[in-house]
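Notes follow the structure.
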Amino acid sequence: MKILNMTVAERLGVRNLLNETYAKGGLDLGMLLETQKIFEKISIETEFGKNPTKVEGNTETYFAIGGAEAKAVNLRMTITKVEDKIYSQTQWDAAKDKGKEISFDGDQVKLLIDIIKNKSDKKELKLEDAYLADLNRKLNAEGAERKDS
């Protein structure tokens, strides 16, 4: 069992990493089941308002009105419409993000380490994947382990 303090950025990054792995056809049934468990742990309960809080030109911003953690970090979704395309971006106040302790069992830790290693071995890492270096360090750190009492 490992307990990691994970920021919103890391949790969204892990979600994207798992989605990317799934989209490439990289999950077997066992991995899929572990991935679902990880998704439940890293999710951020959020409720956005039905109407935009702020409108600037073709950009609308919706602030979280529900979910204690989402409200605490000022989570917001920005939607930009350009011709026929819609672009969305999730934002929050990083200075307010103190992280959340999340526990992972051995299979979940192994799955995340294997996916990160595979992505690295294939040289598929991009600049926006820089969080993976720190996450990999945390997953492999002995000090992050705690035994259940």
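We label chains A, B, ... in the order they appear in the structure tokens, count residues from 1 in each chain, and number ligands from 1 in the order shown.
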Within 12 Å of Lys37 (chain A) using only C-alpha atoms, minus same-chain residues under 3 positions, as JSON, numbers by chain: {"A": [15, 18, 30, 31, 32, 33, 34, 40, 41, 42, 43, 102, 103, 104, 105, 107, 108, 109, 111]}
For the residues in that selection, give me C-alpha atoms as a JSON list (two decimals), in the first residue's frame.
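Generated file (again-v8.json):
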[["chain", "number", "residue", "atom", "x", "y", "z"],
["A", 15, "ARG", "CA", -6.52, 10.41, -15.64],
["A", 18, "LEU", "CA", -4.82, 6.14, -18.28],
["A", 30, "GLY", "CA", -7.08, -6.94, -15.31],
["A", 31, "MET", "CA", -5.57, -3.56, -16.16],
["A", 32, "LEU", "CA", -9.01, -2.18, -16.99],
["A", 33, "LEU", "CA", -10.36, -3.21, -13.60],
["A", 34, "GLU", "CA", -7.38, -1.61, -11.77],
["A", 40, "GLU", "CA", -12.47, 6.37, -8.47],
["A", 41, "LYS", "CA", -9.63, 7.34, -6.14],
["A", 42, "ILE", "CA", -8.30, 10.29, -8.14],
["A", 43, "SER", "CA", -11.63, 11.81, -9.15],
["A", 102, "ILE", "CA", -4.64, 8.88, -1.92],
["A", 103, "SER", "CA", -3.81, 5.24, -1.21],
["A", 104, "PHE", "CA", -2.91, 2.78, -3.93],
["A", 105, "ASP", "CA", -2.57, -0.96, -3.49],
["A", 107, "ASP", "CA", -1.35, -3.79, -8.22],
["A", 108, "GLN", "CA", -2.34, -0.17, -8.83],
["A", 109, "VAL", "CA", 1.20, 1.05, -8.09],
["A", 111, "LEU", "CA", 0.19, -0.65, -13.18]]
Sel. of helix (DSSP H, G or I) residues, region 76-131 of chain A, as a list in words: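 The residues of region 76-131 of chain A classed as helix (DSSP H, G or I) are Ala94, Ala95, Lys96, Gly106, Asp107, Gln108, Val109, Lys110, Leu111, Leu112, Ile113, Asp114, Ile115, Ile116, Lys117, Asn118, Lys119, Ser120, Asp121, Leu127, Glu128, Asp129 and Tyr131 of chain A.
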Near-Asn5 (chain A) list (8 Å; only C-alpha atoms; drop same-chain fewer than 2 positions) as a list in words: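 That gives Ile3, Thr7, Gly99, Lys100, Glu101 and Ile102 of chain A.
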Those same residues - C-alpha atoms - I'd like them written as a PDB file, in the first residue's frame.
ATOM      1  CA  ILE A   3      -0.193   6.735   0.188  1.00  0.00           C
ATOM      2  CA  THR A   7      -2.184  17.595  -6.461  1.00  0.00           C
ATOM      3  CA  GLY A  99      -3.011  17.975  -2.533  1.00  0.00           C
ATOM      4  CA  LYS A 100      -4.962  15.033  -1.223  1.00  0.00           C
ATOM      5  CA  GLU A 101      -3.669  11.801   0.263  1.00  0.00           C
ATOM      6  CA  ILE A 102      -4.643   8.875  -1.924  1.00  0.00           C
TER       7      ILE A 102
END
In chain A, DSSP strand (DSSP E or B) residues written as number ranges by chain: A: 2-6, 47-48, 54-56, 59-66, 76-82, 85-91, 100-104, 145
Atoms kept (N, CA and C atoms) for selection, written as an mmCIF file, in the first residue's frame:
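What ended up in out_28.cif:
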data_model
loop_
_atom_site.group_PDB
_atom_site.id
_atom_site.type_symbol
_atom_site.label_atom_id
_atom_site.label_comp_id
_atom_site.auth_asym_id
_atom_site.auth_seq_id
_atom_site.Cartn_x
_atom_site.Cartn_y
_atom_site.Cartn_z
ATOM 1 N N LYS A 2 0.606 2.174 -0.859
ATOM 2 C CA LYS A 2 1.314 3.454 -0.881
ATOM 3 C C LYS A 2 0.296 4.566 -0.754
ATOM 4 N N ILE A 3 0.649 5.554 0.047
ATOM 5 C CA ILE A 3 -0.193 6.735 0.188
ATOM 6 C C ILE A 3 0.599 7.909 -0.371
ATOM 7 N N LEU A 4 0.038 8.538 -1.388
ATOM 8 C CA LEU A 4 0.693 9.662 -2.041
ATOM 9 C C LEU A 4 -0.133 10.916 -1.848
ATOM 10 N N ASN A 5 0.542 12.041 -1.619
ATOM 11 C CA ASN A 5 -0.134 13.335 -1.621
ATOM 12 C C ASN A 5 -0.137 13.804 -3.075
ATOM 13 N N MET A 6 -1.313 13.819 -3.689
ATOM 14 C CA MET A 6 -1.412 14.147 -5.113
ATOM 15 C C MET A 6 -2.159 15.456 -5.324
ATOM 16 N N GLU A 47 -19.212 20.200 -9.323
ATOM 17 C CA GLU A 47 -20.465 20.606 -9.943
ATOM 18 C C GLU A 47 -20.260 22.026 -10.459
ATOM 19 N N PHE A 48 -20.504 22.208 -11.753
ATOM 20 C CA PHE A 48 -20.374 23.531 -12.350
ATOM 21 C C PHE A 48 -21.751 24.163 -12.490
ATOM 22 N N LYS A 54 -18.467 33.894 -16.325
ATOM 23 C CA LYS A 54 -17.756 34.985 -16.977
ATOM 24 C C LYS A 54 -17.763 34.724 -18.486
ATOM 25 N N VAL A 55 -18.020 35.770 -19.270
ATOM 26 C CA VAL A 55 -18.011 35.652 -20.724
ATOM 27 C C VAL A 55 -17.108 36.743 -21.289
ATOM 28 N N GLU A 56 -16.153 36.326 -22.104
ATOM 29 C CA GLU A 56 -15.253 37.269 -22.781
ATOM 30 C C GLU A 56 -15.160 36.851 -24.236
ATOM 31 N N THR A 59 -15.317 33.125 -25.369
ATOM 32 C CA THR A 59 -14.881 32.278 -24.267
ATOM 33 C C THR A 59 -15.829 32.417 -23.075
ATOM 34 N N GLU A 60 -16.264 31.271 -22.559
ATOM 35 C CA GLU A 60 -17.130 31.231 -21.385
ATOM 36 C C GLU A 60 -16.402 30.488 -20.276
ATOM 37 N N THR A 61 -16.513 30.967 -19.055
ATOM 38 C CA THR A 61 -15.889 30.310 -17.915
ATOM 39 C C THR A 61 -16.962 29.913 -16.918
ATOM 40 N N TYR A 62 -16.891 28.656 -16.505
ATOM 41 C CA TYR A 62 -17.815 28.093 -15.524
ATOM 42 C C TYR A 62 -17.011 27.744 -14.273
ATOM 43 N N PHE A 63 -17.386 28.301 -13.147
ATOM 44 C CA PHE A 63 -16.692 28.020 -11.884
ATOM 45 C C PHE A 63 -17.408 26.905 -11.142
ATOM 46 N N ALA A 64 -16.639 26.110 -10.392
ATOM 47 C CA ALA A 64 -17.221 25.039 -9.583
ATOM 48 C C ALA A 64 -18.107 25.644 -8.508
ATOM 49 N N ILE A 65 -19.330 25.150 -8.418
ATOM 50 C CA ILE A 65 -20.247 25.614 -7.372
ATOM 51 C C ILE A 65 -20.504 24.489 -6.362
ATOM 52 N N GLY A 66 -20.003 23.297 -6.676
ATOM 53 C CA GLY A 66 -20.179 22.156 -5.797
ATOM 54 C C GLY A 66 -18.926 21.314 -5.741
ATOM 55 N N ARG A 76 -12.237 25.646 -12.394
ATOM 56 C CA ARG A 76 -13.097 26.241 -13.403
ATOM 57 C C ARG A 76 -12.845 25.598 -14.758
ATOM 58 N N MET A 77 -13.855 25.662 -15.592
ATOM 59 C CA MET A 77 -13.782 25.119 -16.944
ATOM 60 C C MET A 77 -13.984 26.275 -17.900
ATOM 61 N N THR A 78 -13.031 26.443 -18.808
ATOM 62 C CA THR A 78 -13.126 27.503 -19.804
ATOM 63 C C THR A 78 -13.425 26.861 -21.156
ATOM 64 N N ILE A 79 -14.478 27.331 -21.790
ATOM 65 C CA ILE A 79 -14.912 26.822 -23.088
ATOM 66 C C ILE A 79 -14.731 27.938 -24.110
ATOM 67 N N THR A 80 -13.997 27.641 -25.180
ATOM 68 C CA THR A 80 -13.788 28.615 -26.252
ATOM 69 C C THR A 80 -14.352 28.027 -27.540
ATOM 70 N N LYS A 81 -15.190 28.809 -28.213
ATOM 71 C CA LYS A 81 -15.786 28.379 -29.473
ATOM 72 C C LYS A 81 -15.111 29.139 -30.612
ATOM 73 N N VAL A 82 -14.518 28.381 -31.533
ATOM 74 C CA VAL A 82 -13.874 28.960 -32.707
ATOM 75 C C VAL A 82 -14.463 28.264 -33.927
ATOM 76 N N LYS A 85 -15.555 24.538 -33.960
ATOM 77 C CA LYS A 85 -14.828 23.752 -32.961
ATOM 78 C C LYS A 85 -15.013 24.341 -31.569
ATOM 79 N N ILE A 86 -14.995 23.442 -30.581
ATOM 80 C CA ILE A 86 -15.102 23.841 -29.180
ATOM 81 C C ILE A 86 -13.872 23.308 -28.448
ATOM 82 N N TYR A 87 -13.205 24.198 -27.741
ATOM 83 C CA TYR A 87 -12.020 23.837 -26.973
ATOM 84 C C TYR A 87 -12.323 24.064 -25.498
ATOM 85 N N SER A 88 -11.901 23.112 -24.665
ATOM 86 C CA SER A 88 -12.127 23.289 -23.228
ATOM 87 C C SER A 88 -10.796 23.182 -22.491
ATOM 88 N N GLN A 89 -10.728 23.873 -21.385
ATOM 89 C CA GLN A 89 -9.530 23.864 -20.555
ATOM 90 C C GLN A 89 -9.949 23.913 -19.093
ATOM 91 N N THR A 90 -9.352 23.028 -18.299
ATOM 92 C CA THR A 90 -9.607 23.018 -16.868
ATOM 93 C C THR A 90 -8.514 23.839 -16.195
ATOM 94 N N GLN A 91 -8.919 24.728 -15.297
ATOM 95 C CA GLN A 91 -7.965 25.585 -14.596
ATOM 96 C C GLN A 91 -8.298 25.599 -13.111
ATOM 97 N N LYS A 100 -4.081 15.934 -1.964
ATOM 98 C CA LYS A 100 -4.962 15.033 -1.223
ATOM 99 C C LYS A 100 -4.254 13.696 -1.109
ATOM 100 N N GLU A 101 -4.296 13.105 0.072
ATOM 101 C CA GLU A 101 -3.669 11.801 0.263
ATOM 102 C C GLU A 101 -4.548 10.730 -0.357
ATOM 103 N N ILE A 102 -3.934 9.939 -1.232
ATOM 104 C CA ILE A 102 -4.643 8.875 -1.924
ATOM 105 C C ILE A 102 -3.829 7.596 -1.768
ATOM 106 N N SER A 103 -4.502 6.518 -1.393
ATOM 107 C CA SER A 103 -3.805 5.245 -1.207
ATOM 108 C C SER A 103 -3.996 4.357 -2.433
ATOM 109 N N PHE A 104 -2.909 3.699 -2.802
ATOM 110 C CA PHE A 104 -2.908 2.775 -3.930
ATOM 111 C C PHE A 104 -2.400 1.432 -3.442
ATOM 112 N N GLU A 145 5.469 4.244 1.521
ATOM 113 C CA GLU A 145 4.737 3.056 1.940
ATOM 114 C C GLU A 145 4.293 3.163 3.384
#
I'd like to know which of A:Pro52, A:Lys119, A:Asn58, A:Phe39 is closest to Lys24 (chain A), using only C-alpha atoms.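 Ranking A:Pro52, A:Lys119, A:Asn58, A:Phe39 by distance to Lys24 (chain A), first place goes to A:Lys119.
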Exercise: Glu10 (chain A) partners within 8 Å, only C-alpha atoms, chain neighbours under 4 positions left out, as an mmCIF file with N, CA and C atoms, in the first residue's frame:
data_model
loop_
_atom_site.group_PDB
_atom_site.id
_atom_site.type_symbol
_atom_site.label_atom_id
_atom_site.label_comp_id
_atom_site.auth_asym_id
_atom_site.auth_seq_id
_atom_site.Cartn_x
_atom_site.Cartn_y
_atom_site.Cartn_z
ATOM 1 N N MET A 6 -1.313 13.819 -3.689
ATOM 2 C CA MET A 6 -1.412 14.147 -5.113
ATOM 3 C C MET A 6 -2.159 15.456 -5.324
ATOM 4 N N VAL A 14 -2.808 11.815 -14.331
ATOM 5 C CA VAL A 14 -2.965 10.361 -14.274
ATOM 6 C C VAL A 14 -4.220 9.946 -15.044
ATOM 7 N N TYR A 131 5.192 16.027 -15.120
ATOM 8 C CA TYR A 131 4.700 15.570 -13.815
ATOM 9 C C TYR A 131 4.978 14.080 -13.609
ATOM 10 N N LEU A 135 5.850 11.844 -10.239
ATOM 11 C CA LEU A 135 4.933 10.774 -9.876
ATOM 12 C C LEU A 135 5.678 9.440 -9.834
#
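The smallest atom-to-atom distance between Asp93 (chain A) and any of A:Ala9, A:Leu125, A:Leu112, A:Val73, using only C-alpha atoms, is found for A:Val73.
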Would you please work out which residue, of A:Asp114, A:Ala70, A:Lys50, A:Asp84, is nearest to Lys96 (chain A) when using only C-alpha atoms? A:Ala70
Which residue, A:Ala141, A:Ala130, A:Ile115, A:Ala72, has the smallest gap to Thr35 (chain A) when you use only C-alpha atoms?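 Using only C-alpha atoms, the shortest distance to Thr35 (chain A) belongs to A:Ile115.
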Between CA of Gly106 (chain A) and CA of Asp129 (chain A), what is the spacing in Å? 23.1 Å
